[in-house]
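**Student:** The following block contains the structure, expressed as structure tokens.
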Amino acid sequence: MVIFPIMIVLSFIMYIYYKVMIMRDHDPLTQEIKNAKARIALGIFISFFGVNQYLFYQTQIALYITLVFLFFGIVQGYGGIKRLIHYRGEYQKRAQSNQ
């Protein structure tokens with residue numbers, strides 16, 4: 001299963017990328033959008049990391065830990081998606097009002 005380590009590394013890189021891009025931006029609304037994207041990447045990272053650990057060890061305790069990681073990864077990803085949808089809508093409203 002080569003896909004899990006690749007997804008873990010890519011999602012971690014995307015998380016770091018969005019966190020660095022937040023510091024470079026001065027607009028609070030675009031910072032929130034990038035923070036939402038970072039949360040999605042963090043959720044993917046946590047989820048895939050948990051599944052990868054279970055596939056590596058395949059013990060009962062690894063299963064419980066994987067379920068905890070999956071839960072927190074899904075919560076992070078879902079929260080990030082909800083924030084992204086909300087702030088993109090706010091960004092579009094602001095763009096329309098400026099025209």
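As shown in the structure tokens, the chain order sets the letters A, B, ...; within each chain, residues go from 1, and ligands are also counted from 1 in the order they appear.
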So that I can check the surroundings of region 48-61 of chain A, please list as a ChimeraX atom specification every protein, DNA and RNA residue that reaches within 12 Å of it, counting only C-alpha atoms and ignoring chain neighbours fewer than 2 positions away.

**Tutor:** /A:1-12,41-46,63-74,77

**Student:** Report as a list in words all protein, DNA and RNA residues lying within 12 Å of Lys82 (chain A), evaluated on only C-alpha atoms, omitting residues in the same chain fewer than 4 positions from it.

**Tutor:** Glu32, Ile33, Asn35, Ala36, Lys37, Arg39, Ile40, Val75, Gln76, Gly77, Tyr78, His86, Tyr87, Arg88 and Gly89 of chain A

**Student:** Could the residues in this selection be written to a file with N, CA, C and O atoms, as a short mmCIF file (atom, residue, chain, number, x, y, z; two decimals), in the first residue's frame?

**Tutor:**
data_model
loop_
_atom_site.label_atom_id
_atom_site.label_comp_id
_atom_site.auth_asym_id
_atom_site.auth_seq_id
_atom_site.Cartn_x
_atom_site.Cartn_y
_atom_site.Cartn_z
N GLU A 32 -8.80 33.28 6.51
CA GLU A 32 -9.75 32.27 6.97
C GLU A 32 -9.97 31.18 5.93
O GLU A 32 -10.12 30.00 6.27
N ILE A 33 -9.99 31.56 4.65
CA ILE A 33 -10.14 30.56 3.58
C ILE A 33 -8.94 29.63 3.57
O ILE A 33 -9.09 28.40 3.48
N ASN A 35 -6.95 29.02 6.07
CA ASN A 35 -6.98 28.23 7.29
C ASN A 35 -7.95 27.06 7.16
O ASN A 35 -7.69 25.98 7.67
N ALA A 36 -9.07 27.27 6.47
CA ALA A 36 -10.02 26.18 6.23
C ALA A 36 -9.39 25.11 5.35
O ALA A 36 -9.56 23.90 5.61
N LYS A 37 -8.65 25.51 4.35
CA LYS A 37 -7.95 24.54 3.50
C LYS A 37 -6.90 23.78 4.29
O LYS A 37 -6.69 22.58 4.09
N ARG A 39 -7.09 23.10 7.47
CA ARG A 39 -7.81 22.14 8.32
C ARG A 39 -8.21 20.90 7.53
O ARG A 39 -8.18 19.79 8.06
N ILE A 40 -8.60 21.08 6.28
CA ILE A 40 -8.95 19.93 5.44
C ILE A 40 -7.72 19.06 5.24
O ILE A 40 -7.79 17.83 5.36
N VAL A 75 -13.57 14.88 11.74
CA VAL A 75 -14.06 16.11 12.36
C VAL A 75 -13.29 17.32 11.82
O VAL A 75 -13.90 18.35 11.48
N GLN A 76 -11.98 17.22 11.71
CA GLN A 76 -11.17 18.32 11.17
C GLN A 76 -11.54 18.60 9.71
O GLN A 76 -11.69 19.75 9.32
N GLY A 77 -11.63 17.54 8.93
CA GLY A 77 -11.96 17.72 7.51
C GLY A 77 -13.34 18.30 7.31
O GLY A 77 -13.53 19.22 6.49
N TYR A 78 -14.32 17.81 8.05
CA TYR A 78 -15.69 18.31 7.93
C TYR A 78 -15.77 19.77 8.37
O TYR A 78 -16.41 20.59 7.70
N HIS A 86 -18.47 28.45 3.80
CA HIS A 86 -18.97 29.70 4.38
C HIS A 86 -18.12 30.90 3.94
O HIS A 86 -18.67 31.92 3.47
N TYR A 87 -16.82 30.81 4.09
CA TYR A 87 -15.97 31.96 3.80
C TYR A 87 -15.84 32.23 2.31
O TYR A 87 -15.62 33.37 1.91
N ARG A 88 -15.97 31.21 1.47
CA ARG A 88 -15.99 31.47 0.03
C ARG A 88 -17.24 32.25 -0.35
O ARG A 88 -17.19 33.14 -1.20
N GLY A 89 -18.36 31.92 0.29
CA GLY A 89 -19.58 32.69 0.05
C GLY A 89 -19.41 34.13 0.49
O GLY A 89 -19.86 35.06 -0.21
#

**Student:** What is the distance between CA of Lys93 (chain A) and CA of Val20 (chain A), in Å to one decimal?

**Tutor:**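 Interatomic distance here is 25.9 Å.
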
**Student:** Report, in Å with one decimal, the straight-line distance from CA of Gly79 (chain A) to CA of Asn98 (chain A).

**Tutor:**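 Interatomic distance here is 28.6 Å.
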
**Student:** What is the CA of Gly80 (chain A)-CA of Gln99 (chain A) distance in Å, reported with one decimal?

**Tutor:**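 Computing the Euclidean distance for CA of Gly80 (chain A) and CA of Gln99 (chain A) yields 28.6 Å.
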
**Student:** Counting only C-alpha atoms, which of A:Tyr91, A:Ile16, A:Gln96, A:Ile85 gets nearest to Pro28 (chain A)?

**Tutor:**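 Looking at the shortest contact to Pro28 (chain A), the residue is A:Tyr91.
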
**Student:** Of the candidates A:Ala38, A:Ala62, A:Gln92, A:Ile81, which one gets nearest to Met14 (chain A) if we count only C-alpha atoms?

**Tutor:**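 Of A:Ala38, A:Ala62, A:Gln92, A:Ile81, the one nearest Met14 (chain A), counting only C-alpha atoms, is A:Ala38.
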